[in-house]
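Everything on this sheet refers to the single structure shown next.
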Amino acid sequence: MAPPEITFLEALRQGLWEEMERDESVFILGEDVGLYGGAFKVTDGFAKRFGEARVIDTPISEAAIVGAAAGAAHMGMRPVAEMQFIDFISCAYDMLTNYVATARYRAGLSTPIVVRGPCGGYVRGGPFHSQNPEAAFFHTPGLKIVYPSTARDAKGLIKSSIRDPDPVLYLEHKWLYRRIKEQLPEGEEVLTPIGEARLAREGKDLSIVTYGATVWKSLEAAQLLEKEDQLSVEVLDLRTLLPLDDAAIMRSVQKTNKVLIVHEDTRTGGLAGEITARINEQAFEFLDGPIMRVTAHDVPLPYAPTLEDFVLPQTEDIVKAARWLANY
Amino acid sequence: MAPPEITFLEALRQGLWEEMERDESVFILGEDVGLYGGAFKVTDGFAKRFGEARVIDTPISEAAIVGAAAGAAHMGMRPVAEMQFIDFISCAYDMLTNYVATARYRAGLSTPIVVRGPCGGYVRGGPFHSQNPEAAFFHTPGLKIVYPSTARDAKGLIKSSIRDPDPVLYLEHKWLYRRIKEQLPEGEEVLTPIGEARLAREGKDLSIVTYGATVWKSLEAAQLLEKEDQLSVEVLDLRTLLPLDDAAIMRSVQKTNKVLIVHEDTRTGGLAGEITARINEQAFEFLDGPIMRVTAHDVPLPYAPTLEDFVLPQTEDIVKAARWLANY
Amino acid sequence: MNAVPATRPTPAIGTAPATAAGLSRDQALDIYYYLRLTRTLEERLVALYRQTKVIGGLYRSLGQEGESVATAYALERGRNKDILSPLIRNLGSLLVMGAKPVEILRQYMAKANSPTRGREQNVHFNDLEKGYLGQISHLGDMIPVMAGIALTFKLRREPRVGLVYIGDGGTSTGSFHEGLNFAAVQRLPMIIIGEYNHWAYSTPPEKQFAVKDLAEKAKGYGIPAVTVDGNDVFAVYEATKFAAERARRGKGVHFIEVKTYRRKGHAEHDDQHYVPAGEIDRWAAENDPVDRYVARLQEQGMAAPDDLTDIDDRIRVEVDQATDACVDEPLPEGESALPDVYVDPPAADKLWFRTL
Amino acid sequence: MNAVPATRPTPAIGTAPATAAGLSRDQALDIYYYLRLTRTLEERLVALYRQTKVIGGLYRSLGQEGESVATAYALERGRNKDILSPLIRNLGSLLVMGAKPVEILRQYMAKANSPTRGREQNVHFNDLEKGYLGQISHLGDMIPVMAGIALTFKLRREPRVGLVYIGDGGTSTGSFHEGLNFAAVQRLPMIIIGEYNHWAYSTPPEKQFAVKDLAEKAKGYGIPAVTVDGNDVFAVYEATKFAAERARRGKGVHFIEVKTYRRKGHAEHDDQHYVPAGEIDRWAAENDPVDRYVARLQEQGMAAPDDLTDIDDRIRVEVDQATDACVDEPLPEGESALPDVYVDPPAADKLWFRTL
Ligand SMILES: Cc1ncc(C[n+]2csc(CCOP(=O)(O)OP(=O)(O)O)c2C)c(N)n1
Ligand SMILES: Cc1ncc(C[n+]2csc(CCOP(=O)(O)OP(=O)(O)O)c2C)c(N)n1
Ligand SMILES: [Mg+2]
Ligand SMILES: [Mg+2]
């Protein structure tokens, strides 16, 4: 019998659970992660199984959560800190960028923490429950950032993040939590290597480089373009944002010669800029057209569905942009 | 008689002083800004002239400093908040990005604050007294960022920032404080418009797009390249980082067809990425070579002079990179 | 030792002071109006939520209406008087300050005509002239912001007061600490209402702090504090009145802890499985702020049953009319998302792919 | 009211308790050694600073050596025992925990051989086995980090204690609040030393907080606190010993305020023009922690003058040797800036223009 399909959220949950079982030094801390099981129920049942000492309900203190995780990690623990919504990580910005990320470099300290939390829009969360914080932390040597888009990678990356010797920011898109389902192999350990992009769809006319929720929108667009325009679109799911998998990006560019970068985050200062710069530096001669971006508009994310839909990139936007670029 | 030369720091001081004289609603708050006159003496003598009510020594509480400034600004005041070193703005990251920057957009609130402070390296300050925070805030619709490189603009931009109806992050490079001197016109009000780049040097073979301390290093490189290589290098000083002056950038690109972006900040996630993307989108056909970057290495800024010099971009690096690009 | 004196005694929960706090009969009925309006309006919101007309979450203040209304009512209201900053459970405060039910409904339904034009949710909106400043979601941030408002009152020598709410959970944030300390040092005309409602989402006070009363926290800031029965409208009103007058006289910050109980979940989706059995029912039966207020009014002969049913009826009509006025209103046009990020430039760029 | 009892009385500044805190003669001389070593080493650093051999700023602990040494000395030291996190003015604590003078000198001169290989300054370095964790510049951040260390002790049931310092200024930070509150709720084996040294750069306590004693802040966290004469080595030692034993027995966090005085400027460049005339001289003449300690030792017959001059001589030699050993050492190679941002990748990319 085939294994049942599980959701993105369940896959993440399994990954966390398995690591808690495997390694006593793994523990969880965050707001309402214990008895309540977390705002999105990612840690549902964990307190019961692993005890309150390993699933710690904290005060509303994001800087303390991240700082305490760091201190414990110095001592050999493997803390997983939950932000109730990733938007609140801004309150730990100093701790994460200045203390945690620099610790190995400046002082030889080992700080293997994972900070994770629900991010992203398309869910009518308004400006403070929809953020994509990757750009703010992308500029932080010493930190790794992963952002799975599939259930398999949700599981594989949480496990790899916990085992990584360095601090990892693990971003989980709440629009994917229950929308994405997948069969995962049974009896085999699912581990996704950090630093490797995933070719989500092969193509030869044009590359879409993306991550997170827009992987799915890009795949939808690619299908449509295949059907309606006979365009063969490649979709690269970055999965790890820091460090970027330059090799995978350049491979795709060298094959298709045209690149569309798609992300849900706002345009200015978003990751597409850096990716554009890297392609430009490393594969300029391969470009048959400008590298173009499909991103959110440069505004705080508004609340009303009509506004949110306007601000965020939609499948149709990707289709139109890709068509334009293919015709360039 | 010609007016005397004044330093970058003195120009900034004058600008602040004039605005305090002009407008009663302008006031200053920060750590040690009163009697002591600020860690770098930018507000030296202000408490004596304007009284302690308008030059407020605060506790060591960056979030409170920025938050209180915002509250006062809502009420019609024009607060200027000093960060003792700009590195400590990370402690107010949430307040500035979530509360302040979104206030007009989400709720129609007017929040004309200026947050200013000494930034930048080349001064052996180590990882926590040398930062360039622009990339972390560049991704924040609603905030403006200015970064003068001349004494004139130090004065002109602080005055314009204080008068701007929106929040402005004013970055002052401490390596320029006393190194840069200039005669400023007497009896004429110095105001630098926000949003306009400055052509620091005209050229036709290659454009260097830069800001802050590296404007001076780029000018040095340009001179050298003129003398040794007969290269005519244009240097564009962005001055305002958010919003970017796209028109000025594109004008230069269309003229020289080759672009080197230089910034002191680390490479990954630095502003050069966004600038590259914009040029690529808006002037792809004008490019006779890849847009290249000269930046700091992707590490926390180390303390030892040898290490700092290695990590940060130097004049010689710009020379070499420009030569390479000119020959492309 | 420099102990901070509690300026008022701590009443046990459920025992109300004997006076009617110097309120006139009209004022007392006015307060009743706001209590009932808060509750009725929230009930309407629940109905709209079930019809999926509310966008996103719905946050109730059931059982806490008393402290919201009483604290706001103790302020000076009108154009450019006192200012408060409500949290999601301070709908009552907002109504007292002059926000209209239709504005609340529009906010929750993200209508184009809502005060924030659909950009922000529920009580996250402002009218500084009327005297309210909406919160952002990040807890604690409004404390420094209100300190800045109170600082302005002080600098301008205006006899005005700023009032800001913080939950038992919110007191754990760094912003709370920084803002309150700054306000205390500056002796700003500011009142903090610490809402001890027994929960921060699912987290009980003993996991949030190691003191018994929130009022103890005030001692670290050198400001006076008082713990009052938050479901006793008169007691809360009196304590706030006292603090406001003190602040107006330049005596600085005052902390008021109100003991109350969050009878609904954190938001509508929360099934409250973490709440000990019977606790909610007990609070509902024995310690509902509206019931207690009504009993007091009647005891003191300040209202006949008819007065109250008249008000109830008026409110029902009002809420019906407000609902009818906006329920079918359109959501904002997508493109209206672009303007007003800055004064200049006036609108964000419309991205290229939308013009293809 | 749930007042937090001060577990020890507050001695007036300048009056030392009558006992010698159960210290043996050897221990008492050992403490003297660290006090004198701290001061001598700092004097050497001043000389090197004037020769522009120190890179960046120099921060003195003159007048505060007593509390640094005494608090550290009260901990259990050795491999994997207690851990502390020093601030820039806790050079003495670091030396007690086993950091070597030559390491300090190398750090200040940014030598290739320094513990951080020239990457970080002064006391910003660690040896977790010996028991010290260097701070970062951002004040307050070490409180949550130390809470995490103490949390690990608790989770593993190790009888170890974490100790962390915070300045009178540093207590205003949000991180201080969040970290201390978290530690208090978790009843972690942790000690906070609040250093009331009268200044935060140029800012006096009355502009920093509205309480008189830092110890009052502890009341908001539900933890015991004590104010001790920070220039009385025995008193500080005893208070820390008491707190450490209490923490080791699972009784949770303890706050110790040490009243002392920063006799030098914030850093060497600071001319202290903001200090009231005569204040520094008075503290130097009447309340120097080393002088007072020496007087006590002699009073109690625990040391003859010869014992002390022997130690002084030994220290002079030691500091000379340490200086000679490193003063001419090279700075790190530029390219050594690249490795160890991560374990994997092992080094940051060398940028393209450096390979041209
Ligand atoms: C800084 C921050 N962290 C986390 C959250 C998520 N959050 C929203 S409400 C809440 C609980 C708030 O509890 P409390 O302050 O007691 O207010 P109450 O809901 O009881 O009114 C949490 C954790 C937040 N809004 N802000
Ligand atoms: C978060 C933060 N803000 C500002 C500074 C700049 N700064 C460095 S030391 C200092 C004063 C510290 O005073 P205190 O905590 O009393 O320590 P002391 O110098 O007296 O030992 C300040 C403001 C900082 N290091 N960190
Ligand atoms: Mg609560
Ligand atoms: Mg101090």
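Each chain of the structure tokens is named A, B, ... in the order shown, its residues numbered from 1; ligands are numbered from 1 in display order.
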Item to complete: With only C-alpha atoms and all ligand atoms counted, collect every polymer residue having an atom within 6 Å of ligand 1; state the result as an NGL selection string.
Response: (:A and (60 or 84 or 88)) or (:C and (89 or 137-139 or 167-170 or 197 or 199-201 or 266))
Check your understanding: Within 6 Å of stretch 233-240 of chain B, counting only C-alpha atoms, which residues qualify if same-chain residues fewer than 3 places away don't, as a PyMOL selection string?
Key -> chain B and resi 145-148+195+197-203+205-211+222
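Each of D:Glu335, D:Glu257, D:Asp30, D:Glu286 was checked against ligand 4 using only C-alpha atoms and all ligand atoms; the smallest atom-to-atom distance is that of D:Glu257.
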Legend entry - Distance in Å - atom CA of D:His177 versus atom CA of C:Phe176: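 Computing the Euclidean distance for atom CA of D:His177 and atom CA of C:Phe176 yields 9.1 Å.
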Distance query stretch 32-45 of chain B at most 9 Å, only C-alpha atoms, self and fewer than 3 positions along chain excluded, as number ranges by chain:
B: 9-10, 12-13, 16-17, 28-29, 48-52, 55-59, 82, 84-85, 118, 174, 177; D: 200-203, 272-274
Among stretch 125-189 of chain D, which ones does DSSP place in alpha helix (DSSP H), written as a PyMOL selection string? chain D and resi 142-155+174-185
Open item on the list: Neighbouring residues of A:Met75 were defined as those with any atom within 9 Å, considering only C-alpha atoms; residues of the same chain fewer than 6 positions away were excluded. Please report them as a ChimeraX atom specification.
Closed with: /A:110-111 /D:128,148-149,152-153
Those residues with N, CA and C atoms, as an mmCIF file, in the first residue's frame please?
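Written file, part_32.cif:
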data_model
loop_
_atom_site.group_PDB
_atom_site.id
_atom_site.type_symbol
_atom_site.label_atom_id
_atom_site.label_comp_id
_atom_site.auth_asym_id
_atom_site.auth_seq_id
_atom_site.Cartn_x
_atom_site.Cartn_y
_atom_site.Cartn_z
ATOM 1 N N SER A 110 29.961 28.076 18.570
ATOM 2 C CA SER A 110 29.032 27.252 17.800
ATOM 3 C C SER A 110 27.607 27.597 18.239
ATOM 4 N N THR A 111 26.742 27.905 17.287
ATOM 5 C CA THR A 111 25.387 28.361 17.625
ATOM 6 C C THR A 111 24.339 27.714 16.722
ATOM 7 N N LEU D 128 34.429 28.860 26.927
ATOM 8 C CA LEU D 128 33.280 28.336 27.677
ATOM 9 C C LEU D 128 33.699 27.250 28.653
ATOM 10 N N GLY D 148 19.921 31.352 28.368
ATOM 11 C CA GLY D 148 19.975 30.100 27.604
ATOM 12 C C GLY D 148 21.016 29.141 28.153
ATOM 13 N N ILE D 149 22.114 29.688 28.620
ATOM 14 C CA ILE D 149 23.148 28.840 29.234
ATOM 15 C C ILE D 149 22.625 28.256 30.541
ATOM 16 N N THR D 152 20.210 25.521 30.021
ATOM 17 C CA THR D 152 20.870 24.252 29.733
ATOM 18 C C THR D 152 21.305 23.561 31.019
ATOM 19 N N PHE D 153 21.857 24.337 31.951
ATOM 20 C CA PHE D 153 22.217 23.745 33.251
ATOM 21 C C PHE D 153 20.988 23.112 33.881
#
- Task: Check the smallest atom-to-atom distance from each of A:His74, A:His129, A:Arg124, A:His139 to A:Gly108 using only C-alpha atoms, then report the winner.
- Result: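 Of A:His74, A:His129, A:Arg124, A:His139, the one nearest A:Gly108, counting only C-alpha atoms, is A:His74.
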